[in-house]
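Novice: Dropping a structure here in structure tokens format, bear with me for questions.
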Amino acid sequence: MSETGNAPVQVVDGRQRSGTAEPGGRSAAPLGWVWLAAWPVTAVFVLSNAATPLYVLWQRDIGFSKGTLTVVFAFYILGLVGSLLVSGVVSDRLGRKPVLLPALVLALAACLIFATATTVAALIVARLFTGIAVGAVVSAGMAAVTDVAGPERKRIAALIASCAMVFGAGLGPLLAGVLSETLSAPTVTVFVVEAALLLTAVLAVLRMPLRRPVAPAKGAWVRLPGVPRGNGRQLALGIAVFAPGITATSFVLSLGPSLLSGLLGTTSRIVVGVMAFVMFLAATGVQFAVQRLDRRTILTAGAVSTTLSMITLIVAVHTSSVPVLIASALLAGAGQGMGQLGGLSLLNSSIPPQHLAEANAALNVGGYVLAGLLPVSAGYLSDAVGLTSGATVFGAVLIGLAVIGGLVVLTRRWSQPDGRERQQAQTPALDH
């Protein structure tokens with residue numbers, strides 16, 4: 001750190017940057033950089049769901065069942081969870097950029113494979129690469145947003161990072177649906193555009209004002225992500241609501257096109273993309289709406305929203321009502337958004353920077369494992385007993401999990417009136 005006159009100057013990656021002074025003599029980057037730091041998260045999450053409206057084309061050209069479709073989706077979850085076992089720890093030790101740059105390169109490779117895919121195996125590999133890249137950005141990328149924001153802007157950092165994730169997740173299928181219906185070579189054009197977005201994200205990472213780790217965490221390089229001892233309760237509270245929420249949106253993404261086809265008798269990729277977009281638009285908007293509420297209220301509302309989403313899903317498949325199905329998607333998005341924001345806020349408020357990427361990874365492992373298992377099971381069950389019965393069983397199971405999550409939040413003794421966990425002294429030991 002050096003100073004010129006009265007303006008603090010921050011030395012980052014060998015360059016000087018001016019910004020707002022932080023406690024302890026550090027200098028925070030301008031708020032614009034916080035938003036720009038979230039762009040790689042958005043760009044990778046655009047890829048994460050860009051394939052959703054295109055599956056009907058691949059099913060027609062390649063030929064595979066709804067069960068196979070959910071397996072393709074499950075390989076995305078497999079790559080994501082596998083990445084989370086490594087990326088959070090590596091990011092906390094080596095820095096955010098050494099994790100983010102390879103992840104973006106892998107995402108570009110996934111674009112190439114998607115654009116040329118002619119077999120289920122190719123789709124599986126592309127989804128696996130996408131999952132690995134997503135795992136890296138939800139740990140290192142979201143921690144980078146907090147790092148750039150500085151300790152005095154942790155709450156806004158959690159909001160920006162969370163919204164970047166869900167907005168990208170919704171923008172992907174919308175772009176894919178519109179581009180694939182209006183331009184030639186639908187399964188190619190989409191990923192050419194996405195590759196261009198990823199290249200801009202590479203430039204953003206290269207210029208990002210990030211410090212190298214000062215006191216990196218210790219222990220095994222590959223391990224189940226955890227949080228410092230004493231923070232396990234914050235992690236558990238976040239997972240209790242976030243996991244059912246993201247499982248609900250995962251179901252809409254994996255089997256939503258089949259539901260729309262059954263209810264509407266249409267395979268319009270624009271309709272599929274719009275449904276996914278409005279779902280994640282709800283997830284984005286609700287976070288801005290509830291950001292000033294205490295964390296307990298946010299998490300409780302998230303559990304209620306996911307529960308209502310599954311109730312309306314069951315009603316939709318039994319009444320063949322498209323408006324009710326859209327309502328279910330909106331509620332699912334709101335449930336994920338609030339669960340995600342509440343979980344990230346709890347971690348940001350109590351986890352030191354040298355453990356934050358691993359803590360983010362732990363939250364997402366808890367969410368995505370369930371999001372991978374239940375939709376796959378529902379897909380194969382739907383092949384066996386029909387989509388209506390499969391969706392009904394899935395909805396009933398998730399209702400139970402969401403209610404349990406809400407009860408965990410409500411019955412937990414919060415240490416402060418506003419629902420914030422009291423910050424505790426950190427030790428290197430981890431809770432897994």
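In the structure tokens, the first chain shown is A, the next is B, and so on; residue numbers restart at 1 for each chain, and ligands run from 1 in the order shown.
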Which neighbours of Ser328 (chain A) fall inside 7 Å, counting only C-alpha atoms, when residues of the same chain fewer than 5 positions from it are skipped, and could you give them as a short mmCIF file (atom, residue, chain, number, x, y, z; two decimals) with C-alpha atoms, in the first residue's frame?
Specialist:
data_model
loop_
_atom_site.label_atom_id
_atom_site.label_comp_id
_atom_site.auth_asym_id
_atom_site.auth_seq_id
_atom_site.Cartn_x
_atom_site.Cartn_y
_atom_site.Cartn_z
CA SER A 309 -43.49 -24.16 -6.00
CA MET A 310 -43.82 -27.91 -5.61
CA THR A 312 -48.21 -25.70 -7.81
CA LEU A 313 -46.08 -28.12 -9.86
#
Novice: Using only C-alpha atoms, which residues sit within 8 Å of Ser345 (chain A) once same-chain residues fewer than 2 positions away are excluded, as a compact mmCIF listing (two decimals) with N, CA and C atoms, in the first residue's frame?
Specialist:
# COMPACT_ATOMS: atom_id res chain seq x y z
N LYS A 154 -19.47 -6.54 2.43
CA LYS A 154 -19.68 -7.97 2.30
C LYS A 154 -21.13 -8.31 1.94
N ARG A 155 -22.05 -7.56 2.48
CA ARG A 155 -23.46 -7.86 2.21
C ARG A 155 -23.81 -7.55 0.76
N ALA A 158 -22.31 -10.23 -1.46
CA ALA A 158 -23.12 -11.45 -1.51
C ALA A 158 -24.30 -11.28 -2.46
N LEU A 159 -24.93 -10.11 -2.43
CA LEU A 159 -26.07 -9.85 -3.32
C LEU A 159 -25.63 -9.85 -4.78
N ARG A 295 -31.56 -12.24 7.92
CA ARG A 295 -31.26 -13.50 7.22
C ARG A 295 -32.25 -14.60 7.58
N LEU A 341 -29.07 -16.38 -1.42
CA LEU A 341 -28.67 -15.12 -0.82
C LEU A 341 -28.48 -15.27 0.70
N GLY A 342 -29.41 -15.93 1.36
CA GLY A 342 -29.29 -16.13 2.79
C GLY A 342 -28.06 -16.93 3.16
N GLY A 343 -27.80 -18.01 2.40
CA GLY A 343 -26.62 -18.83 2.68
C GLY A 343 -25.32 -18.09 2.45
N LEU A 347 -22.31 -16.88 5.24
CA LEU A 347 -20.90 -17.23 5.10
C LEU A 347 -20.04 -15.97 4.99
N ASN A 348 -20.46 -15.01 4.18
CA ASN A 348 -19.68 -13.78 4.01
C ASN A 348 -19.52 -13.02 5.33
N SER A 349 -20.52 -13.11 6.20
CA SER A 349 -20.48 -12.35 7.44
C SER A 349 -19.57 -12.97 8.49
Novice: Where does DSSP see helix (DSSP H, G or I) in region 162-273 of chain A, if you list the residues as an MDAnalysis selection string?
Specialist: chainID A and resid 162:182 186:207 232:264 269:273
Novice: Excluding Ile132 (chain A) and residues on its chain fewer than 3 positions from it, collect all residues at most 10 Å away from it, counting only C-alpha atoms, and give them as a PDB file with N, CA and C atoms, in the first residue's frame.
Specialist:
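Done, and the output landed in out.pdb:
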ATOM      1  N   PHE A  75     -24.299 -35.465 -15.316  1.00  0.00           N
ATOM      2  CA  PHE A  75     -22.852 -35.346 -15.520  1.00  0.00           C
ATOM      3  C   PHE A  75     -22.383 -33.912 -15.298  1.00  0.00           C
ATOM      4  N   TYR A  76     -23.256 -32.977 -15.570  1.00  0.00           N
ATOM      5  CA  TYR A  76     -22.967 -31.580 -15.217  1.00  0.00           C
ATOM      6  C   TYR A  76     -22.802 -31.450 -13.699  1.00  0.00           C
ATOM      7  N   ILE A  77     -23.717 -32.060 -12.948  1.00  0.00           N
ATOM      8  CA  ILE A  77     -23.631 -32.019 -11.493  1.00  0.00           C
ATOM      9  C   ILE A  77     -22.374 -32.741 -11.021  1.00  0.00           C
ATOM     10  N   LEU A  78     -22.048 -33.867 -11.660  1.00  0.00           N
ATOM     11  CA  LEU A  78     -20.849 -34.628 -11.290  1.00  0.00           C
ATOM     12  C   LEU A  78     -19.595 -33.785 -11.477  1.00  0.00           C
ATOM     13  N   GLY A  79     -19.493 -33.119 -12.625  1.00  0.00           N
ATOM     14  CA  GLY A  79     -18.337 -32.255 -12.868  1.00  0.00           C
ATOM     15  C   GLY A  79     -18.285 -31.097 -11.897  1.00  0.00           C
ATOM     16  N   LEU A  80     -19.452 -30.539 -11.589  1.00  0.00           N
ATOM     17  CA  LEU A  80     -19.523 -29.403 -10.676  1.00  0.00           C
ATOM     18  C   LEU A  80     -19.065 -29.809  -9.272  1.00  0.00           C
ATOM     19  N   VAL A  81     -19.615 -30.913  -8.760  1.00  0.00           N
ATOM     20  CA  VAL A  81     -19.256 -31.342  -7.404  1.00  0.00           C
ATOM     21  C   VAL A  81     -17.784 -31.747  -7.333  1.00  0.00           C
ATOM     22  N   GLY A  82     -17.305 -32.462  -8.372  1.00  0.00           N
ATOM     23  CA  GLY A  82     -15.889 -32.812  -8.400  1.00  0.00           C
ATOM     24  C   GLY A  82     -14.999 -31.590  -8.396  1.00  0.00           C
ATOM     25  N   SER A  83     -15.392 -30.563  -9.142  1.00  0.00           N
ATOM     26  CA  SER A  83     -14.637 -29.311  -9.170  1.00  0.00           C
ATOM     27  C   SER A  83     -14.636 -28.635  -7.806  1.00  0.00           C
ATOM     28  N   LEU A  84     -15.776 -28.694  -7.117  1.00  0.00           N
ATOM     29  CA  LEU A  84     -15.874 -28.060  -5.807  1.00  0.00           C
ATOM     30  C   LEU A  84     -14.964 -28.705  -4.769  1.00  0.00           C
ATOM     31  N   SER A  87     -11.506 -26.789  -6.279  1.00  0.00           N
ATOM     32  CA  SER A  87     -11.368 -25.377  -6.658  1.00  0.00           C
ATOM     33  C   SER A  87     -11.380 -24.431  -5.469  1.00  0.00           C
ATOM     34  N   ALA A 103     -10.714 -22.411 -15.702  1.00  0.00           N
ATOM     35  CA  ALA A 103     -12.144 -22.715 -15.778  1.00  0.00           C
ATOM     36  C   ALA A 103     -12.765 -22.098 -17.029  1.00  0.00           C
ATOM     37  N   LEU A 104     -12.379 -20.874 -17.339  1.00  0.00           N
ATOM     38  CA  LEU A 104     -12.910 -20.219 -18.532  1.00  0.00           C
ATOM     39  C   LEU A 104     -12.428 -20.907 -19.810  1.00  0.00           C
ATOM     40  N   LEU A 106     -11.789 -24.090 -20.034  1.00  0.00           N
ATOM     41  CA  LEU A 106     -12.590 -25.318 -20.101  1.00  0.00           C
ATOM     42  C   LEU A 106     -14.007 -25.015 -20.592  1.00  0.00           C
ATOM     43  N   ALA A 107     -14.554 -23.895 -20.183  1.00  0.00           N
ATOM     44  CA  ALA A 107     -15.878 -23.496 -20.665  1.00  0.00           C
ATOM     45  C   ALA A 107     -15.858 -23.247 -22.173  1.00  0.00           C
ATOM     46  N   ARG A 127     -21.193 -31.295 -21.037  1.00  0.00           N
ATOM     47  CA  ARG A 127     -21.832 -30.967 -19.755  1.00  0.00           C
ATOM     48  C   ARG A 127     -20.874 -31.178 -18.589  1.00  0.00           C
ATOM     49  N   LEU A 128     -20.017 -32.187 -18.686  1.00  0.00           N
ATOM     50  CA  LEU A 128     -19.028 -32.420 -17.637  1.00  0.00           C
ATOM     51  C   LEU A 128     -18.067 -31.241 -17.544  1.00  0.00           C
ATOM     52  N   PHE A 129     -17.562 -30.788 -18.689  1.00  0.00           N
ATOM     53  CA  PHE A 129     -16.660 -29.628 -18.704  1.00  0.00           C
ATOM     54  C   PHE A 129     -17.370 -28.381 -18.170  1.00  0.00           C
ATOM     55  N   GLY A 135     -18.296 -25.133 -11.153  1.00  0.00           N
ATOM     56  CA  GLY A 135     -17.786 -25.376  -9.806  1.00  0.00           C
ATOM     57  C   GLY A 135     -16.684 -24.402  -9.427  1.00  0.00           C
ATOM     58  N   ALA A 136     -15.855 -24.055 -10.397  1.00  0.00           N
ATOM     59  CA  ALA A 136     -14.770 -23.111 -10.130  1.00  0.00           C
ATOM     60  C   ALA A 136     -15.302 -21.702  -9.887  1.00  0.00           C
ATOM     61  N   VAL A 137     -16.307 -21.276 -10.661  1.00  0.00           N
ATOM     62  CA  VAL A 137     -16.771 -19.900 -10.494  1.00  0.00           C
ATOM     63  C   VAL A 137     -17.659 -19.718  -9.263  1.00  0.00           C
TER      64      VAL A 137
END
Novice: Env of region 33-50 of chain A: 8 Å cut, atoms = only C-alpha atoms, seq-sep filter 4 positions within chain, self excluded. Answer as an MDAnalysis selection string.
Specialist: chainID A and resid 29 54 104 107 111 130:131 133:134 137:138 141:142 144:146 148:149 157 160:161 164:176 190 194 197:198 201:202 204:205 208:209 253
Novice: Please save N, CA and C atoms of the selected residues as a compact mmCIF listing (two decimals), in the first residue's frame.
Specialist:
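Writing the result to part_2.txt gives the following:
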# COMPACT_ATOMS: atom_id res chain seq x y z
N ALA A 29 -11.65 -1.50 -3.95
CA ALA A 29 -11.82 -1.14 -5.35
C ALA A 29 -13.13 -0.37 -5.52
N LEU A 54 -32.18 -26.57 -26.29
CA LEU A 54 -31.68 -27.30 -27.46
C LEU A 54 -31.81 -28.81 -27.32
N LEU A 104 -12.38 -20.87 -17.34
CA LEU A 104 -12.91 -20.22 -18.53
C LEU A 104 -12.43 -20.91 -19.81
N ALA A 107 -14.55 -23.89 -20.18
CA ALA A 107 -15.88 -23.50 -20.67
C ALA A 107 -15.86 -23.25 -22.17
N CYS A 111 -18.00 -25.16 -25.20
CA CYS A 111 -18.72 -24.52 -26.32
C CYS A 111 -18.41 -25.21 -27.64
N THR A 130 -18.63 -28.23 -18.55
CA THR A 130 -19.40 -27.08 -18.06
C THR A 130 -19.52 -27.13 -16.54
N GLY A 131 -19.80 -28.32 -16.01
CA GLY A 131 -19.92 -28.47 -14.56
C GLY A 131 -18.64 -28.12 -13.83
N ALA A 133 -16.31 -26.05 -14.85
CA ALA A 133 -16.15 -24.60 -14.92
C ALA A 133 -17.07 -23.89 -13.94
N VAL A 134 -18.32 -24.36 -13.84
CA VAL A 134 -19.27 -23.75 -12.91
C VAL A 134 -18.81 -23.94 -11.47
N VAL A 137 -16.31 -21.28 -10.66
CA VAL A 137 -16.77 -19.90 -10.49
C VAL A 137 -17.66 -19.72 -9.26
N VAL A 138 -18.37 -20.77 -8.84
CA VAL A 138 -19.19 -20.58 -7.64
C VAL A 138 -18.34 -20.60 -6.38
N GLY A 141 -14.91 -17.65 -8.14
CA GLY A 141 -15.48 -16.45 -8.75
C GLY A 141 -16.31 -15.64 -7.77
N MET A 142 -17.13 -16.31 -7.00
CA MET A 142 -17.97 -15.59 -6.05
C MET A 142 -17.14 -15.06 -4.88
N ALA A 144 -14.09 -14.04 -5.31
CA ALA A 144 -13.40 -12.90 -5.91
C ALA A 144 -14.25 -11.63 -5.82
N VAL A 145 -15.55 -11.77 -5.99
CA VAL A 145 -16.44 -10.61 -5.86
C VAL A 145 -16.33 -10.03 -4.46
N THR A 146 -16.34 -10.90 -3.45
CA THR A 146 -16.21 -10.44 -2.06
C THR A 146 -14.84 -9.82 -1.82
N VAL A 148 -12.88 -8.27 -3.99
CA VAL A 148 -12.82 -6.96 -4.64
C VAL A 148 -13.66 -5.94 -3.87
N ALA A 149 -14.80 -6.38 -3.35
CA ALA A 149 -15.68 -5.47 -2.62
C ALA A 149 -15.05 -4.97 -1.33
N ALA A 157 -21.70 -7.49 -1.63
CA ALA A 157 -20.94 -8.46 -2.43
C ALA A 157 -21.71 -9.77 -2.56
N ILE A 160 -24.54 -9.14 -5.09
CA ILE A 160 -24.07 -9.04 -6.47
C ILE A 160 -23.65 -10.41 -6.99
N ALA A 161 -22.89 -11.17 -6.19
CA ALA A 161 -22.42 -12.48 -6.62
C ALA A 161 -23.58 -13.43 -6.85
N ALA A 164 -25.52 -12.38 -9.95
CA ALA A 164 -24.75 -12.69 -11.16
C ALA A 164 -24.94 -14.15 -11.56
N MET A 165 -24.99 -15.00 -10.56
CA MET A 165 -25.17 -16.44 -10.80
C MET A 165 -26.55 -16.73 -11.39
N VAL A 166 -27.61 -16.26 -10.73
CA VAL A 166 -28.95 -16.62 -11.19
C VAL A 166 -29.33 -15.87 -12.46
N PHE A 167 -28.82 -14.64 -12.66
CA PHE A 167 -29.13 -13.92 -13.89
C PHE A 167 -28.49 -14.62 -15.09
N GLY A 168 -27.23 -15.05 -14.92
CA GLY A 168 -26.59 -15.79 -16.00
C GLY A 168 -27.30 -17.10 -16.29
N ALA A 169 -27.74 -17.79 -15.23
CA ALA A 169 -28.44 -19.06 -15.40
C ALA A 169 -29.74 -18.87 -16.18
N GLY A 170 -30.40 -17.72 -16.02
CA GLY A 170 -31.62 -17.46 -16.77
C GLY A 170 -31.38 -16.90 -18.15
N LEU A 171 -30.31 -16.11 -18.30
CA LEU A 171 -30.01 -15.50 -19.60
C LEU A 171 -29.61 -16.56 -20.62
N GLY A 172 -28.92 -17.61 -20.17
CA GLY A 172 -28.46 -18.66 -21.08
C GLY A 172 -29.58 -19.30 -21.89
N PRO A 173 -30.60 -19.86 -21.24
CA PRO A 173 -31.68 -20.48 -22.02
C PRO A 173 -32.48 -19.49 -22.85
N LEU A 174 -32.60 -18.25 -22.38
CA LEU A 174 -33.33 -17.25 -23.18
C LEU A 174 -32.58 -16.97 -24.48
N LEU A 175 -31.27 -16.70 -24.37
CA LEU A 175 -30.47 -16.47 -25.58
C LEU A 175 -30.51 -17.67 -26.51
N ALA A 176 -30.37 -18.86 -25.92
CA ALA A 176 -30.35 -20.07 -26.74
C ALA A 176 -31.69 -20.28 -27.43
N VAL A 190 -25.58 -20.58 -31.07
CA VAL A 190 -25.70 -20.29 -29.63
C VAL A 190 -24.35 -20.31 -28.95
N GLU A 194 -21.88 -17.55 -27.07
CA GLU A 194 -21.43 -17.79 -25.70
C GLU A 194 -19.91 -17.75 -25.60
N LEU A 197 -18.83 -14.25 -25.23
CA LEU A 197 -19.05 -13.75 -23.87
C LEU A 197 -17.95 -14.24 -22.93
N LEU A 198 -17.56 -15.49 -23.10
CA LEU A 198 -16.51 -16.05 -22.23
C LEU A 198 -15.16 -15.37 -22.46
N ALA A 201 -15.03 -12.38 -20.48
CA ALA A 201 -14.83 -12.73 -19.07
C ALA A 201 -13.36 -13.00 -18.79
N VAL A 202 -12.66 -13.59 -19.74
CA VAL A 202 -11.21 -13.81 -19.58
C VAL A 202 -10.50 -12.47 -19.40
N ALA A 204 -11.78 -9.73 -18.24
CA ALA A 204 -12.15 -9.17 -16.94
C ALA A 204 -11.32 -9.80 -15.83
N VAL A 205 -11.10 -11.11 -15.90
CA VAL A 205 -10.30 -11.78 -14.87
C VAL A 205 -8.85 -11.31 -14.92
N MET A 208 -8.67 -7.98 -13.19
CA MET A 208 -9.34 -7.87 -11.90
C MET A 208 -8.36 -7.50 -10.78
N PRO A 209 -8.69 -6.50 -9.94
CA PRO A 209 -7.79 -6.07 -8.86
C PRO A 209 -7.86 -7.01 -7.65
N LEU A 253 -35.34 -27.12 -15.23
CA LEU A 253 -34.39 -27.06 -16.34
C LEU A 253 -34.28 -28.40 -17.07
Novice: Applying 9 Å and only C-alpha atoms, which residues near Val369 (chain A) remain after dropping the ones on its own chain fewer than 3 positions away? List them as an MDAnalysis selection string.
Specialist: chainID A and resid 77:78 81 243 247 364:366 372:374
Novice: My list of candidates is A:Pro151, A:Gly379, A:Gly390, A:Gly337. Which is closest to Ser65 (chain A) when distances are computed with only C-alpha atoms?
Specialist: A:Gly379
Novice: Considering only C-alpha atoms, state which residue in the set A:Val99, A:Met279, A:Leu381, A:Leu363 is at the smallest distance from Val241 (chain A).
Specialist: A:Leu363
